[in-house]
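Here is the structure we will look at.
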Amino acid sequence: MSRHTASLALYTRKMLLALRHGNGSSVCILYGRHNSMELCHEMGPIVSFNLKRPDGSWYGCREVERLASLSGIQLRTGCFCNPGACAKYLGLSHLDLISNTEAGHVCWDDQDIINGKPVGAVRVSFGYMSTYEDAKKFIDFVANGHLLSLLLAGLERDSLDTSYCLKSITIYPIKSCGGFSAQSWPLSNNGLKHDREWILRSLSGEILTLKKVPEMGHISSFIDLSQGMLFVESPRCKERLQIRLESDDYYGSTEDIELHRQRGRVKARMLDLERRELGEHYAIDGSGIGGFMWV
């Protein structure tokens with residue numbers, strides 16, 4: 001069993017180290033003594049790493065985890081209950097740790113990049129039931145996720161015309177749920193209009209995120225500005241939910257909430273609708289127990 005899992009981990013390490021962006025920079029940074037081949041069997045079936053963009057900036061480990069979950073791949077992210085080793089390999093100084101704490105960062109929150117530095121890593125763990133196909137699926141996921149940057153870098157290198165144009169804009173009306181693309185979109189004081197303007201609460205009042213409920217990634221949303229409507233669809237909901245952006249059909253109040261240990265004041269707008277299930281973990285409920293909260 002140990003030889004089987006070690007071979008899968010060794011294959012994954014080699015493939016990750018071989019990935020390159022179009023400008024030749026490394027896609028993946030591995031943590032541990034992976035350069036010592038004689039120790040590969042002592043390292044066990046675990047591969048810890050972070051991913052980098054072509055410009056050298058980091059992909060957040062939470063971002064990688066969410067995208068992987070939508071592809072049916074389960075990863076562990078964070079410091080893996082070992083903050084000392086995490087700080088060592090990520091190059092976080094004592095002052096960095098103090099600064100991160102003062103910024104409100106705690107274990108398992110959604111802050112994965114602070115001041116340009118990662119505060120956690122991604123981990124792949126193999127077991128006796130893992131197969132070569134599982135490892136290859138993960139490698140393909142990482143490689144395909146960087147395919148666009150590779151193509152853009154190749155075009156920039158080979159083409160005489162280095163001008164760029166904005167192809168589309170993606171708006172996510174509901175935080176942690178699917179969004180939609182548009183060729184143009186109005187701006188507000190906070191950025192793209194209606195972008196991440198809504199969040200979901202459970203029936204018990206808990207604020208939901210993709211980390212807590214991965215199925216939220218399957219909820220899609222779309223805004224028709226001409227109609228002033230927000231449309232929400234879910235595989236668990238037979239009918240498409242239609243919400244008028246400006247309407248007297250809902251009532252609202254001002255609430256103080258705490259998110260990632262940071263308090264803020266929001267306007268809560270509950271829809272005066274019969275209960276419509278969006279999934280087993282969340283619902284829109286006219287009784288005021290659960291529903292959408294407008295940020």
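Letters A, B, ... mark the chains of the structure tokens in the order given; residue numbers begin at 1 per chain; ligand numbers begin at 1, in order shown.
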(message) If DSSP is run on the backbone, what residues of region 176-256 of chain A are helix (DSSP H, G or I)? A reply as a ChimeraX atom specification would be ideal.
(response) /A:214-218
(request) For Phe180 (chain A), work out the shell of residues within 9 Å, counting only C-alpha atoms and skipping chain neighbours fewer than 5 positions away, then give it as a PyMOL selection string. (result) chain A and resi 169-173+220-223
(message) What does the structure give for the distance between CA of Leu241 (chain A) and CA of Arg66 (chain A), in Å to one decimal?
(response) 24.6 Å
(message) Applying 12 Å and only C-alpha atoms, which residues near Val213 (chain A) remain after dropping the ones on its own chain fewer than 3 positions away? List them as a PyMOL selection string.
(response) chain A and resi 66+69-70+176-177+200-202+206-210+216-219+279-282
Export of prior selection with N, CA and C atoms as a PDB file, in the first residue's frame:
ATOM      1  N   ARG A  66     -12.110  25.654  -4.228  1.00  0.00           N
ATOM      2  CA  ARG A  66     -13.476  25.807  -4.740  1.00  0.00           C
ATOM      3  C   ARG A  66     -13.586  25.354  -6.185  1.00  0.00           C
ATOM      4  N   SER A  69     -13.476  21.580  -6.290  1.00  0.00           N
ATOM      5  CA  SER A  69     -14.709  20.923  -5.840  1.00  0.00           C
ATOM      6  C   SER A  69     -15.756  20.890  -6.938  1.00  0.00           C
ATOM      7  N   LEU A  70     -15.784  21.925  -7.787  1.00  0.00           N
ATOM      8  CA  LEU A  70     -16.717  21.936  -8.908  1.00  0.00           C
ATOM      9  C   LEU A  70     -16.335  20.915  -9.954  1.00  0.00           C
ATOM     10  N   SER A 176     -20.588  33.543  -3.674  1.00  0.00           N
ATOM     11  CA  SER A 176     -20.328  32.093  -3.645  1.00  0.00           C
ATOM     12  C   SER A 176     -21.192  31.298  -4.617  1.00  0.00           C
ATOM     13  N   CYS A 177     -22.035  31.970  -5.404  1.00  0.00           N
ATOM     14  CA  CYS A 177     -22.855  31.272  -6.401  1.00  0.00           C
ATOM     15  C   CYS A 177     -22.375  31.644  -7.809  1.00  0.00           C
ATOM     16  N   LEU A 200     -26.410  34.398   0.888  1.00  0.00           N
ATOM     17  CA  LEU A 200     -27.417  33.446   1.335  1.00  0.00           C
ATOM     18  C   LEU A 200     -27.274  33.169   2.821  1.00  0.00           C
ATOM     19  N   ARG A 201     -28.425  33.019   3.479  1.00  0.00           N
ATOM     20  CA  ARG A 201     -28.438  32.612   4.867  1.00  0.00           C
ATOM     21  C   ARG A 201     -29.175  31.289   4.986  1.00  0.00           C
ATOM     22  N   SER A 202     -28.767  30.474   5.939  1.00  0.00           N
ATOM     23  CA  SER A 202     -29.456  29.217   6.178  1.00  0.00           C
ATOM     24  C   SER A 202     -30.752  29.499   6.934  1.00  0.00           C
ATOM     25  N   GLU A 206     -27.543  31.365   9.667  1.00  0.00           N
ATOM     26  CA  GLU A 206     -26.098  31.350   9.419  1.00  0.00           C
ATOM     27  C   GLU A 206     -25.791  31.815   8.005  1.00  0.00           C
ATOM     28  N   ILE A 207     -24.768  32.660   7.863  1.00  0.00           N
ATOM     29  CA  ILE A 207     -24.335  33.117   6.549  1.00  0.00           C
ATOM     30  C   ILE A 207     -23.583  31.992   5.867  1.00  0.00           C
ATOM     31  N   LEU A 208     -23.968  31.651   4.639  1.00  0.00           N
ATOM     32  CA  LEU A 208     -23.406  30.510   3.932  1.00  0.00           C
ATOM     33  C   LEU A 208     -22.344  30.945   2.935  1.00  0.00           C
ATOM     34  N   THR A 209     -21.331  30.114   2.781  1.00  0.00           N
ATOM     35  CA  THR A 209     -20.269  30.342   1.806  1.00  0.00           C
ATOM     36  C   THR A 209     -20.024  29.054   1.041  1.00  0.00           C
ATOM     37  N   LEU A 210     -19.289  29.173  -0.051  1.00  0.00           N
ATOM     38  CA  LEU A 210     -18.979  28.002  -0.862  1.00  0.00           C
ATOM     39  C   LEU A 210     -18.121  27.014  -0.089  1.00  0.00           C
ATOM     40  N   MET A 216     -23.372  25.282  -3.487  1.00  0.00           N
ATOM     41  CA  MET A 216     -23.744  26.627  -3.897  1.00  0.00           C
ATOM     42  C   MET A 216     -23.141  26.990  -5.249  1.00  0.00           C
ATOM     43  N   GLY A 217     -22.050  26.315  -5.626  1.00  0.00           N
ATOM     44  CA  GLY A 217     -21.427  26.571  -6.916  1.00  0.00           C
ATOM     45  C   GLY A 217     -22.299  26.181  -8.085  1.00  0.00           C
ATOM     46  N   HIS A 218     -23.327  25.366  -7.829  1.00  0.00           N
ATOM     47  CA  HIS A 218     -24.228  24.933  -8.891  1.00  0.00           C
ATOM     48  C   HIS A 218     -25.442  25.857  -9.042  1.00  0.00           C
ATOM     49  N   ILE A 219     -25.572  26.829  -8.143  1.00  0.00           N
ATOM     50  CA  ILE A 219     -26.648  27.811  -8.254  1.00  0.00           C
ATOM     51  C   ILE A 219     -26.198  28.900  -9.229  1.00  0.00           C
ATOM     52  N   GLY A 279     -31.994  24.208  -2.227  1.00  0.00           N
ATOM     53  CA  GLY A 279     -31.130  23.105  -1.841  1.00  0.00           C
ATOM     54  C   GLY A 279     -31.453  22.722  -0.415  1.00  0.00           C
ATOM     55  N   GLU A 280     -30.883  21.640   0.044  1.00  0.00           N
ATOM     56  CA  GLU A 280     -31.231  21.152   1.359  1.00  0.00           C
ATOM     57  C   GLU A 280     -30.669  22.037   2.466  1.00  0.00           C
ATOM     58  N   HIS A 281     -29.678  22.889   2.144  1.00  0.00           N
ATOM     59  CA  HIS A 281     -29.034  23.695   3.173  1.00  0.00           C
ATOM     60  C   HIS A 281     -29.568  25.123   3.230  1.00  0.00           C
ATOM     61  N   TYR A 282     -30.298  25.580   2.225  1.00  0.00           N
ATOM     62  CA  TYR A 282     -30.685  26.977   2.194  1.00  0.00           C
ATOM     63  C   TYR A 282     -31.988  27.131   1.438  1.00  0.00           C
TER      64      TYR A 282
END
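Going from CA of Leu67 (chain A) over to CA of His194 (chain A), you cover 22.8 Å.
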(request) Using CA of Leu30 (chain A) and CA of Leu17 (chain A) as the two end points, give the distance in Å to one decimal. (result)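 Taking CA of Leu30 (chain A) and CA of Leu17 (chain A), their separation equals 7.6 Å.
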(request) Just list the residues in region 102-146 of chain A DSSP gives strand (DSSP E) on the backbone, as a list in words. (result)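 Filtering region 102-146 of chain A down to strand (DSSP E) leaves Ile113, Ile114, Lys117, Pro118, Ala121, Val122, Arg123, Val124 and Ser125 of chain A.
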(message) Could you check the closest approach to Gln227 (chain A) for each of A:Lys117, A:Arg244, A:Pro186, A:Glu239 and tell me which residue wins, using only C-alpha atoms?
(response)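 Looking only at the distances to Gln227 (chain A), the closest residue turns out to be A:Arg244.
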(request) May I have the residues within 7 Å of Met229 (chain A) as a list in words, using only C-alpha atoms and disregarding those fewer than 3 positions away in the same chain? (result) Ile223, Asp224, Leu225, Gln242, Ile243, Arg244 and Leu245 of chain A
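Of the residues listed (A:Gly44, A:Gly24, A:Gly78, A:Gly127), A:Gly78 shows the shortest atom-to-atom separation from Gln111 (chain A); distances use only C-alpha atoms.
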(request) Measuring atom to atom with only C-alpha atoms, identify which of A:Ala121, A:Arg20, A:Gly60, A:Val47 is nearest to Cys79 (chain A). (result) A:Ala121
Using only C-alpha atoms, tabulate the residues of region 43-142 of chain A lying at most 12 Å from any atom of region 3-13 of chain A, each with its closest atom pair and that distance in Å to one decimal, by chain and increasing residue number, as JSON lines.
{"residue": "A:Met43", "atom": "CA", "partner": "A:Ala6", "partner_atom": "CA", "distance": 7.9}
{"residue": "A:Gly44", "atom": "CA", "partner": "A:Ala6", "partner_atom": "CA", "distance": 5.9}
{"residue": "A:Pro45", "atom": "CA", "partner": "A:Ala6", "partner_atom": "CA", "distance": 5.2}
{"residue": "A:Ile46", "atom": "CA", "partner": "A:Ala9", "partner_atom": "CA", "distance": 6.4}
{"residue": "A:Val47", "atom": "CA", "partner": "A:Ala9", "partner_atom": "CA", "distance": 6.4}
{"residue": "A:Ser48", "atom": "CA", "partner": "A:Arg13", "partner_atom": "CA", "distance": 9.2}
{"residue": "A:Phe49", "atom": "CA", "partner": "A:Arg13", "partner_atom": "CA", "distance": 9.3}
{"residue": "A:Arg123", "atom": "CA", "partner": "A:Ala9", "partner_atom": "CA", "distance": 11.0}
{"residue": "A:Val124", "atom": "CA", "partner": "A:Ala9", "partner_atom": "CA", "distance": 8.4}
{"residue": "A:Ser125", "atom": "CA", "partner": "A:Ala9", "partner_atom": "CA", "distance": 8.1}
{"residue": "A:Phe126", "atom": "CA", "partner": "A:Thr5", "partner_atom": "CA", "distance": 5.8}
{"residue": "A:Gly127", "atom": "CA", "partner": "A:Thr5", "partner_atom": "CA", "distance": 6.1}
{"residue": "A:Tyr128", "atom": "CA", "partner": "A:Thr5", "partner_atom": "CA", "distance": 6.6}
{"residue": "A:Met129", "atom": "CA", "partner": "A:Thr5", "partner_atom": "CA", "distance": 9.0}
{"residue": "A:Ser130", "atom": "CA", "partner": "A:Thr5", "partner_atom": "CA", "distance": 7.5}
{"residue": "A:Thr131", "atom": "CA", "partner": "A:Leu8", "partner_atom": "CA", "distance": 7.6}
{"residue": "A:Tyr132", "atom": "CA", "partner": "A:Leu8", "partner_atom": "CA", "distance": 6.5}
{"residue": "A:Glu133", "atom": "CA", "partner": "A:Leu8", "partner_atom": "CA", "distance": 9.8}
{"residue": "A:Asp134", "atom": "CA", "partner": "A:Leu8", "partner_atom": "CA", "distance": 9.1}
{"residue": "A:Ala135", "atom": "CA", "partner": "A:Thr12", "partner_atom": "CA", "distance": 6.4}
{"residue": "A:Lys136", "atom": "CA", "partner": "A:Thr12", "partner_atom": "CA", "distance": 7.9}
{"residue": "A:Lys137", "atom": "CA", "partner": "A:Thr12", "partner_atom": "CA", "distance": 10.4}
{"residue": "A:Phe138", "atom": "CA", "partner": "A:Thr12", "partner_atom": "CA", "distance": 8.5}
{"residue": "A:Ile139", "atom": "CA", "partner": "A:Thr12", "partner_atom": "CA", "distance": 7.1}
{"residue": "A:Asp140", "atom": "CA", "partner": "A:Thr12", "partner_atom": "CA", "distance": 10.8}
{"residue": "A:Val142", "atom": "CA", "partner": "A:Thr12", "partner_atom": "CA", "distance": 11.0}
(request) Tell me, as a ChimeraX atom specification, which residues lie within 10 Å of Asn100 (chain A), counting only C-alpha atoms; anything in the same chain fewer than 4 positions away does not count. (result) /A:92,94-96,104-106,111,113-115,119
Go ahead and write the selection's residues with N, CA, C and O atoms as a PDB file, in the first residue's frame.
ATOM      1  N   LEU A  92       6.462  33.207   6.302  1.00  0.00           N
ATOM      2  CA  LEU A  92       5.773  34.229   7.076  1.00  0.00           C
ATOM      3  C   LEU A  92       6.575  34.557   8.326  1.00  0.00           C
ATOM      4  O   LEU A  92       6.874  33.671   9.133  1.00  0.00           O
ATOM      5  N   HIS A  94       7.374  36.679  12.002  1.00  0.00           N
ATOM      6  CA  HIS A  94       6.591  36.935  13.214  1.00  0.00           C
ATOM      7  C   HIS A  94       5.715  38.168  13.022  1.00  0.00           C
ATOM      8  O   HIS A  94       4.544  38.188  13.432  1.00  0.00           O
ATOM      9  N   LEU A  95       6.263  39.192  12.362  1.00  0.00           N
ATOM     10  CA  LEU A  95       5.480  40.407  12.118  1.00  0.00           C
ATOM     11  C   LEU A  95       4.331  40.121  11.147  1.00  0.00           C
ATOM     12  O   LEU A  95       3.249  40.711  11.282  1.00  0.00           O
ATOM     13  N   ASP A  96       4.566  39.239  10.166  1.00  0.00           N
ATOM     14  CA  ASP A  96       3.491  38.863   9.246  1.00  0.00           C
ATOM     15  C   ASP A  96       2.340  38.213  10.004  1.00  0.00           C
ATOM     16  O   ASP A  96       1.166  38.507   9.753  1.00  0.00           O
ATOM     17  N   GLY A 104      -7.720  40.268  11.169  1.00  0.00           N
ATOM     18  CA  GLY A 104      -8.902  39.443  11.395  1.00  0.00           C
ATOM     19  C   GLY A 104      -8.791  38.025  10.878  1.00  0.00           C
ATOM     20  O   GLY A 104      -9.758  37.271  10.914  1.00  0.00           O
ATOM     21  N   HIS A 105      -7.598  37.638  10.411  1.00  0.00           N
ATOM     22  CA  HIS A 105      -7.440  36.294   9.843  1.00  0.00           C
ATOM     23  C   HIS A 105      -7.460  35.234  10.941  1.00  0.00           C
ATOM     24  O   HIS A 105      -6.772  35.349  11.953  1.00  0.00           O
ATOM     25  N   VAL A 106      -8.274  34.210  10.725  1.00  0.00           N
ATOM     26  CA  VAL A 106      -8.321  33.047  11.607  1.00  0.00           C
ATOM     27  C   VAL A 106      -8.348  31.793  10.746  1.00  0.00           C
ATOM     28  O   VAL A 106      -8.580  31.850   9.536  1.00  0.00           O
ATOM     29  N   GLN A 111      -9.805  34.301   3.896  1.00  0.00           N
ATOM     30  CA  GLN A 111      -8.640  35.131   3.568  1.00  0.00           C
ATOM     31  C   GLN A 111      -7.450  34.213   3.294  1.00  0.00           C
ATOM     32  O   GLN A 111      -6.839  33.686   4.227  1.00  0.00           O
ATOM     33  N   ILE A 113      -4.951  35.124   0.828  1.00  0.00           N
ATOM     34  CA  ILE A 113      -3.820  35.963   0.431  1.00  0.00           C
ATOM     35  C   ILE A 113      -3.903  37.272   1.220  1.00  0.00           C
ATOM     36  O   ILE A 113      -4.906  37.979   1.136  1.00  0.00           O
ATOM     37  N   ILE A 114      -2.872  37.577   1.973  1.00  0.00           N
ATOM     38  CA  ILE A 114      -2.830  38.818   2.750  1.00  0.00           C
ATOM     39  C   ILE A 114      -1.515  39.523   2.465  1.00  0.00           C
ATOM     40  O   ILE A 114      -0.439  38.922   2.609  1.00  0.00           O
ATOM     41  N   ASN A 115      -1.598  40.778   2.044  1.00  0.00           N
ATOM     42  CA  ASN A 115      -0.410  41.562   1.698  1.00  0.00           C
ATOM     43  C   ASN A 115       0.452  40.850   0.656  1.00  0.00           C
ATOM     44  O   ASN A 115       1.690  40.887   0.714  1.00  0.00           O
ATOM     45  N   VAL A 119      -1.422  32.586   3.016  1.00  0.00           N
ATOM     46  CA  VAL A 119      -1.466  32.246   4.441  1.00  0.00           C
ATOM     47  C   VAL A 119      -1.857  30.785   4.636  1.00  0.00           C
ATOM     48  O   VAL A 119      -2.143  30.354   5.747  1.00  0.00           O
TER      49      VAL A 119
END
